[in-house]
Structures are given as structure tokens and as C-alpha cells.
file input_4.txt (compact mmCIF, C-alpha atoms)
# COMPACT_ATOMS: atom_id res chain seq x y z
CA MET A 1 113.15 89.45 84.03
CA ALA A 2 114.48 91.23 87.11
CA GLU A 3 116.59 88.96 89.33
CA LEU A 4 115.51 88.27 92.92
CA TYR A 5 118.47 87.38 95.13
CA SER A 6 119.19 86.01 98.58
CA ALA A 7 122.34 87.30 100.28
CA ASP A 8 124.14 84.06 99.44
CA GLU A 9 123.18 84.40 95.78
CA ILE A 10 124.39 88.00 95.66
CA ASN A 11 127.69 86.97 97.19
CA THR A 12 128.04 84.21 94.59
CA VAL A 13 127.54 86.51 91.59
CA PHE A 14 128.88 89.68 93.21
CA GLU A 15 131.82 90.23 90.83
CA ARG A 16 129.51 89.88 87.83
CA LEU A 17 127.04 92.52 89.01
CA PRO A 18 127.19 96.05 87.57
CA LEU A 19 129.45 98.32 89.59
CA TRP A 20 126.58 100.42 90.98
CA GLN A 21 124.79 97.30 92.23
CA ARG A 22 127.92 96.09 93.99
CA ASP A 23 128.34 99.49 95.60
CA ALA A 24 124.66 99.71 96.60
CA TYR A 25 124.58 96.26 98.19
CA SER A 26 127.89 96.83 100.02
CA GLN A 27 126.65 100.12 101.42
CA PHE A 28 123.38 98.52 102.51
CA ALA A 29 125.19 95.66 104.25
CA ASN A 30 127.60 98.03 106.00
CA MET A 31 124.74 100.26 107.16
CA ILE A 32 122.42 97.61 108.53
CA ALA A 33 125.13 95.45 110.12
CA ASP A 34 127.08 98.32 111.71
CA GLU A 35 127.78 97.35 115.33
CA GLU A 36 128.81 100.84 116.46
CA ASN A 37 125.89 102.80 114.99
CA THR A 38 123.06 100.30 115.32
CA TYR A 39 120.36 100.55 112.65
CA PRO A 40 117.03 101.29 114.39
CA CYS A 41 114.75 98.89 112.47
CA VAL A 42 115.10 95.75 114.56
CA PRO A 43 113.19 93.41 112.19
CA GLY A 44 115.20 94.68 109.21
CA ARG A 45 118.50 94.22 111.01
CA MET A 46 117.49 90.76 112.26
CA GLY A 47 116.36 89.86 108.77
CA PHE A 48 119.73 90.82 107.32
CA LEU A 49 121.78 89.04 109.96
CA SER A 50 119.62 85.91 109.67
CA GLY A 51 119.62 85.82 105.87
CA HIS A 52 115.85 86.34 105.66
CA LEU A 53 115.96 89.34 103.31
CA ARG A 54 115.66 89.20 99.55
CA TYR A 55 117.09 91.78 97.15
CA GLY A 56 116.42 93.23 93.74
CA PHE A 57 117.64 96.11 91.61
CA THR A 58 115.89 98.39 89.15
CA CYS A 59 117.07 100.97 86.65
CA ASP A 60 116.46 104.74 86.93
CA PRO A 61 113.21 105.08 88.96
CA ARG A 62 111.94 107.79 86.63
CA SER A 63 111.58 105.22 83.85
CA GLU A 64 108.65 102.91 83.21
CA ALA A 65 111.12 100.02 82.99
CA ALA A 66 111.90 100.50 86.69
CA ALA A 67 108.23 100.06 87.60
CA GLU A 68 108.03 96.96 85.42
CA ASP A 69 111.11 95.51 87.14
CA MET A 70 109.74 96.24 90.62
CA ALA A 71 106.40 94.67 89.72
CA ASP A 72 108.27 91.62 88.41
CA LEU A 73 110.23 91.36 91.66
CA LEU A 74 107.03 91.52 93.72
CA ARG A 75 105.47 88.77 91.58
CA GLN A 76 108.48 86.56 92.33
CA TYR A 77 108.65 87.49 96.01
CA GLY A 78 105.03 87.13 97.11
CA PRO A 79 104.74 83.36 96.66
CA ILE A 80 108.05 82.59 98.40
CA SER A 81 108.13 85.22 101.17
CA ARG A 82 106.82 82.87 103.88
CA ASP A 83 109.65 80.45 103.13
CA THR A 84 112.40 83.04 103.66
CA GLY A 85 112.15 83.45 107.44
CA GLN A 86 110.41 85.20 110.32
CA TYR A 87 111.90 88.62 109.51
CA ALA A 88 111.12 88.59 105.81
CA SER A 89 111.46 91.70 103.64
CA MET A 90 112.36 92.48 100.06
CA VAL A 91 114.80 95.34 99.50
CA VAL A 92 114.77 96.97 96.06
CA ILE A 93 117.52 99.46 95.23
CA CYS A 94 117.12 101.77 92.25
CA GLU A 95 119.92 102.95 90.01
CA THR A 96 120.17 106.61 91.00
CA PRO A 97 122.15 108.69 88.50
CA ASN A 98 124.14 111.68 89.71
CA ASP A 99 121.70 114.17 88.20
CA LEU A 100 118.99 112.64 90.39
CA LYS A 101 121.18 112.41 93.49
CA ASP A 102 122.54 115.94 93.20
CA HIS A 103 119.41 117.89 92.32
CA THR A 104 116.48 116.14 94.01
CA THR A 105 114.95 117.31 97.28
CA VAL A 106 113.29 115.13 99.89
CA GLU A 107 109.92 116.46 98.72
CA GLU A 108 110.70 115.55 95.11
CA TYR A 109 111.76 112.07 96.16
CA GLN A 110 108.47 111.77 98.00
CA SER A 111 106.59 112.50 94.77
CA LEU A 112 108.79 110.01 92.91
CA PHE A 113 108.13 107.35 95.55
CA TRP A 114 104.36 107.62 95.15
CA GLN A 115 104.63 107.80 91.37
CA MET A 116 106.61 104.57 91.50
CA LEU A 117 104.07 102.79 93.72
CA ASN A 118 101.25 103.90 91.44
CA ARG A 119 103.08 102.70 88.33
CA VAL A 120 103.99 99.40 89.98
CA SER A 121 100.38 98.88 91.03
CA SER A 122 99.22 99.43 87.46
CA HIS A 123 101.08 96.21 86.56
CA ASP A 124 99.22 94.18 89.18
CA ALA A 125 96.46 92.03 87.72
CA ALA A 126 95.45 90.44 91.04
CA PRO A 127 92.28 91.58 92.82
CA TRP A 128 92.64 93.65 95.99
CA PRO A 129 92.49 91.38 99.08
CA GLU A 130 88.98 91.35 100.55
CA HIS A 131 90.22 91.83 104.13
CA ILE A 132 92.23 94.98 103.28
CA SER A 133 90.41 98.30 102.93
CA THR A 134 90.64 99.99 99.54
CA ASP A 135 90.62 103.39 101.26
CA PRO A 136 94.11 104.63 102.30
CA HIS A 137 92.43 106.81 104.92
CA ASP A 138 91.16 103.71 106.73
CA SER A 139 93.36 102.24 109.46
CA THR A 140 93.24 98.78 107.85
CA TRP A 141 94.55 99.91 104.45
CA GLU A 142 97.95 98.65 103.26
CA PHE A 143 99.70 98.65 99.89
CA CYS A 144 98.98 95.35 98.16
CA PHE A 145 100.45 93.53 95.20
CA GLY A 146 99.63 90.05 93.93
CA GLY A 147 97.02 89.72 96.67
CA GLU A 148 99.66 90.27 99.39
CA PRO A 149 99.63 93.32 101.74
CA TYR A 150 102.98 94.98 102.42
CA PHE A 151 104.38 97.67 104.65
CA CYS A 152 106.46 99.90 102.36
CA PHE A 153 109.57 101.82 103.35
CA CYS A 154 111.58 104.38 101.43
CA ALA A 155 115.05 105.85 101.94
CA THR A 156 116.69 108.51 99.76
CA PRO A 157 120.04 110.27 99.21
CA ALA A 158 118.43 113.61 100.17
CA HIS A 159 117.50 112.77 103.77
CA GLU A 160 119.88 114.35 106.26
CA LEU A 161 118.26 114.81 109.68
CA ARG A 162 116.31 111.54 109.61
CA ALA A 163 119.35 109.30 109.09
CA SER A 164 117.22 106.17 109.36
CA ARG A 165 115.65 107.24 106.04
CA HIS A 166 118.93 108.09 104.32
CA PHE A 167 120.62 105.87 101.75
CA PRO A 168 122.98 106.78 98.87
CA TYR A 169 120.49 105.28 96.38
CA LEU A 170 116.71 105.46 96.22
CA MET A 171 115.68 102.37 98.14
CA PHE A 172 112.34 100.63 98.67
CA ALA A 173 111.60 97.86 101.15
CA PHE A 174 108.48 95.70 101.13
CA GLN A 175 107.72 93.91 104.39
CA PRO A 176 104.88 91.36 104.22
CA ARG A 177 102.03 92.14 106.61
CA TRP A 178 102.14 88.61 108.06
CA VAL A 179 105.54 89.44 109.62
CA PHE A 180 103.68 91.64 112.10
CA GLU A 181 101.29 88.94 113.30
CA SER A 182 103.52 88.43 116.35
CA ILE A 183 104.99 91.94 116.35
CA ASN A 184 102.31 94.50 117.21
CA ASP A 185 100.96 96.55 120.08
CA ASN A 186 98.93 93.59 121.36
CA THR A 187 101.91 91.29 121.92
CA PRO A 188 104.68 91.48 124.54
CA LEU A 189 107.28 91.06 121.79
CA GLY A 190 105.73 93.90 119.81
CA ARG A 191 105.65 96.28 122.77
CA LYS A 192 109.24 95.41 123.68
CA MET A 193 110.37 95.91 120.07
CA LYS A 194 108.56 99.25 119.83
CA THR A 195 110.40 100.52 122.91
CA LEU A 196 113.75 99.34 121.52
CA ILE A 197 113.11 100.87 118.07
CA ARG A 198 112.15 104.22 119.60
CA LYS A 199 115.30 104.20 121.74
CA ARG A 200 117.49 103.45 118.72
CA LEU A 201 115.74 106.09 116.59
CA ALA A 202 116.46 108.70 119.23
CA GLU A 203 120.16 107.80 119.05
CA TYR A 204 120.32 107.41 115.26
CA ASP A 205 118.32 110.39 113.99
CA ALA A 206 118.90 114.09 114.57
CA VAL A 207 115.15 114.70 114.94
CA PRO A 208 112.49 113.09 117.15
CA ALA A 209 110.56 110.07 115.92
CA HIS A 210 107.91 111.10 113.39
CA PRO A 211 104.42 111.36 114.98
CA SER A 212 102.97 109.15 112.23
CA LEU A 213 104.86 106.09 113.51
CA MET A 214 102.20 103.75 114.95
CA TRP A 215 101.10 100.13 114.76
CA TYR A 216 98.93 98.80 111.93
CA GLY A 217 95.23 98.63 112.84
CA GLN A 218 95.26 101.31 115.55
CA GLN A 219 92.23 103.53 114.97
CA ASP A 220 94.26 106.71 114.63
CA ASN A 221 96.98 105.08 112.50
CA LEU A 222 97.29 105.54 108.72
CA GLU A 223 99.92 103.25 107.23
CA TRP A 224 100.60 105.33 104.13
CA LYS A 225 101.87 108.19 106.27
CA GLN A 226 104.71 105.97 107.50
CA TYR A 227 105.89 104.81 104.08
CA PHE A 228 107.79 107.99 103.30
CA LEU A 229 108.90 110.13 106.25
CA PRO A 230 110.45 113.52 105.46
CA ASP A 231 113.15 115.18 107.55
CA ASP A 232 110.48 117.28 109.29
CA GLU A 233 107.06 116.24 110.64
CA GLN A 234 105.07 117.08 107.52
CA THR A 235 102.83 114.60 105.67
CA PRO A 236 100.61 115.07 102.61
CA SER A 237 97.00 115.96 103.43
CA LYS A 238 95.76 113.12 101.21
CA CYS A 239 97.28 109.79 100.24
CA PRO A 240 98.87 110.01 96.76
CA PHE A 241 98.11 106.33 96.00
CA MET A 242 95.70 106.30 93.05
CA ARG A 243 94.93 102.66 92.15
CA MET A 244 91.47 102.43 93.69
CA LYS A 245 90.56 105.99 92.70
CA GLN A 246 91.46 105.19 89.09
CA ALA A 247 89.42 101.96 89.17
CA ILE A 248 86.38 103.82 90.49
CA GLY A 249 86.83 106.49 87.83
CA ASN A 250 86.95 103.86 85.09
CA LEU A 251 83.76 102.25 86.38
CA THR A 252 82.03 105.64 86.41
CA LYS A 253 82.97 106.26 82.78
CA SER A 254 81.85 102.84 81.56

call {"tool": "encode", "arguments": {"input": "input_4.txt", "output": "C-alpha cells"}}
result
Amino acid sequence: MAELYSADEINTVFERLPLWQRDAYSQFANMIADEENTYPCVPGRMGFLSGHLRYGFTCDPRSEAAAEDMADLLRQYGPISRDTGQYASMVVICETPNDLKDHTTVEEYQSLFWQMLNRVSSHDAAPWPEHISTDPHDSTWEFCFGGEPYFCFCATPAHELRASRHFPYLMFAFQPRWVFESINDNTPLGRKMKTLIRKRLAEYDAVPAHPSLMWYGQQDNLEWKQYFLPDDEQTPSKCPFMRMKQAIGNLTKS
């Protein structure tokens, strides 16, 4: 079983972790807590500083074992996420061998990201939540696992211009949808946070904020477009998430 950690638990077992996991966690902590180059994601930074984040590690993301580990982590995280704090998120860092780091483009990582989400979803036995659209091209769609909707985030070693999406290892973050109940375009806190995030992005990245960045539920917003942001302003023409398409196909064949 993949281990789900709090920051305190990681610190307790730190010297017993594999070297790459120690390096990955140290680099994450240094990045998100940096006082001089402030990380733009305010909820993520607050979650780290407040001890609300949870962490997991997987093996090479090209392997099926990595998808099984990530699914296992989500099964553990969903039931306890509301007990971890207001700025809850689960960060999953993948072992990223040098051949993957050195020869993979942003576009290839994008394909790997969606492959991983599809494989993870195939291990989910829970029904899709009734209040979440099954169509990624609907503004109310969100990735779900174990009956819980999540905003997904990806960072890669290949990103250069969009520094907010760069990390030395392939990294996923799963932020429960309920976190945004008080942080959205309809709340003063949400509007204030949006302004602050945009200001920090402008200082952190070498390119303007991606046009796909919007609030969940806005009519012209599609959440899947925000999960993986390339260095430029491109997005796939169709969502690569296949779970519901595969289910419909299976029903058609039966």
C-alpha cells in the first residue's frame, strides 16, 4: 500500500525514505515556502505553512504500478481530507528517472498526465457523483475519485517559461472541490485571492497568466483546461479524459 503522509510524519521518517523522495520533498518545501520568490498558489502555500497538505509518492509514472499507487492514495485521502484543514490538498510526486527528465517535452508530459488520470480512474469503483457532470466540456465537470470531486494540478521538469508549473519531478496535486466553497468568484475572499494570485503569477512566470484560468462553474470555464497548462497558451481541442466515454462504449457493446 502506498503511504499517505502529513508533513510531521514525513519529517519523522525522513531519513528512512528513499533518496529521491527526500530530495523531492525537500525541493517542494523549499519552493512553496520561499519568502523571496513567493509561490503564486495562495491556498497551496497556506496549506503547506499550516500543515494542511498530505503527501504521497509513486514509482515511474509510465508504469501501471504508479497508477495503482495514486489510486490507493486517493482512496486513503478522500475520507480524511475534511479533517486536514481549510486549505487541504494532496501532493503526489512521481519518481522521474533521468531518461524521462532529459528527453520529455512539455507536450509529452501533457500526454503522460492524461494517461495517468485515465489509468487512475480505471481503478475507481465508486459511482460518479450525481451533482457533477460526466461531460468534461460542461462547466460543472471535475475529475472525481471515490465519489469526491477534485481540482487537479500538474507540474513537470520540462516547463521553463511557466515557472509556476515547473518542478524537478512529475508532480500531481489533488485539491478537494469543497475547499473552494468559500473561495470563488462569488465571495469577497475569492475575489481578493484571485487578484493576489494573478499578481504573483505575473511576478513568478515569464509569460502572462494562461487564458484558461477561471473559477469553477463559470459558464465559459472548463476545468480540465486548467489541469495541465503548457508554456504557451495552447490547449487540446478535446478533453483527453476517457472514463465516461469508455463506460458509454461498453454499454453500447453490451

call {"tool": "residues_around", "arguments": {"input": "input_4.txt", "residues": "Glu233 (chain A)", "least_positions_apart": "3", "cutoff": "10 Å", "atoms": "all atoms listed in the file", "output": "number ranges by chain"}}
result
A: 207-212, 229-230

call {"tool": "atom_distance", "arguments": {"input": "input_4.txt", "atom1": "CA of Phe151 (chain A)", "atom2": "CA of Gly56 (chain A)"}}
result
16.8 Å

call {"tool": "closest_residue", "arguments": {"input": "input_4.txt", "among": "A:Phe143, A:Phe167, A:Tyr25, A:Trp178", "to": "Gln86 (chain A)", "atoms": "all atoms listed in the file"}}
result
A:Trp178

call {"tool": "closest_residue", "arguments": {"input": "input_4.txt", "among": "A:Ala163, A:Val120, A:Ala158, A:Cys94", "to": "Glu107 (chain A)", "atoms": "all atoms listed in the file"}}
result
A:Ala158

call {"tool": "residues_around", "arguments": {"input": "input_4.txt", "residues": "Pro176 (chain A)", "least_positions_apart": "4", "cutoff": "9 Å", "atoms": "all atoms listed in the file", "output": "JSON, numbers by chain"}}
result
{"A": [78, 81, 82, 88, 89, 90, 148, 149, 150, 151, 152, 180]}

call {"tool": "residues_around", "arguments": {"input": "input_4.txt", "residues": "region 36-49 of chain A", "least_positions_apart": "5", "cutoff": "12 Å", "atoms": "only C-alpha atoms", "output": "JSON, numbers by chain"}}
result
{"A": [6, 7, 8, 25, 28, 29, 30, 31, 54, 55, 84, 85, 86, 87, 88, 89, 90, 91, 153, 162, 163, 164, 165, 166, 173, 174, 175, 176, 179, 180, 182, 183, 189, 190, 192, 193, 194, 195, 196, 197, 198, 199, 200, 201, 202, 203, 204, 205, 209]}

call {"tool": "closest_residue", "arguments": {"input": "input_4.txt", "among": "A:Gly147, A:Gln110, A:Ile80, A:Met1", "to": "Thr235 (chain A)", "atoms": "only C-alpha atoms"}}
result
A:Gln110

call {"tool": "atom_distance", "arguments": {"input": "input_4.txt", "atom1": "CA of Arg191 (chain A)", "atom2": "CA of Ser133 (chain A)"}}
result
25.1 Å

call {"tool": "closest_residue", "arguments": {"input": "input_4.txt", "among": "A:Ile93, A:Ala155, A:Cys239, A:Ala126", "to": "Thr58 (chain A)", "atoms": "all atoms listed in the file"}}
result
A:Ile93

call {"tool": "residues_around", "arguments": {"input": "input_4.txt", "residues": "region 101-106 of chain A", "least_positions_apart": "2", "cutoff": "7 Å", "atoms": "only C-alpha atoms", "output": "PyMOL selection string"}}
result
chain A and resi 96-99+108-110+157-159+230

call {"tool": "atom_distance", "arguments": {"input": "input_4.txt", "atom1": "CA of Phe145 (chain A)", "atom2": "CA of Asp124 (chain A)"}}
result
6.2 Å

call {"tool": "closest_residue", "arguments": {"input": "input_4.txt", "among": "A:Glu3, A:Glu95, A:Asp34, A:Asp60", "to": "Trp20 (chain A)", "atoms": "all atoms listed in the file"}}
result
A:Glu95

call {"tool": "closest_residue", "arguments": {"input": "input_4.txt", "among": "A:Leu74, A:Ala33, A:Leu170, A:Val13", "to": "Arg62 (chain A)", "atoms": "all atoms listed in the file"}}
result
A:Leu170

call {"tool": "axis_aligned_box", "arguments": {"input": "input_4.txt", "around": "region 112-121 of chain A", "padding_each_side": "4 Å", "output": "lines of an AutoDock Vina configuration file"}}
result
center_x = 104.6
center_y = 104.4
center_z = 91.9
size_x = 16.4
size_y = 19.1
size_z = 15.2

call {"tool": "residues_around", "arguments": {"input": "input_4.txt", "residues": "Glu68 (chain A)", "least_positions_apart": "3", "cutoff": "12 Å", "atoms": "only C-alpha atoms", "output": "MDAnalysis selection string"}}
result
chainID A and resid 1:2 57:65 71:75 116:124
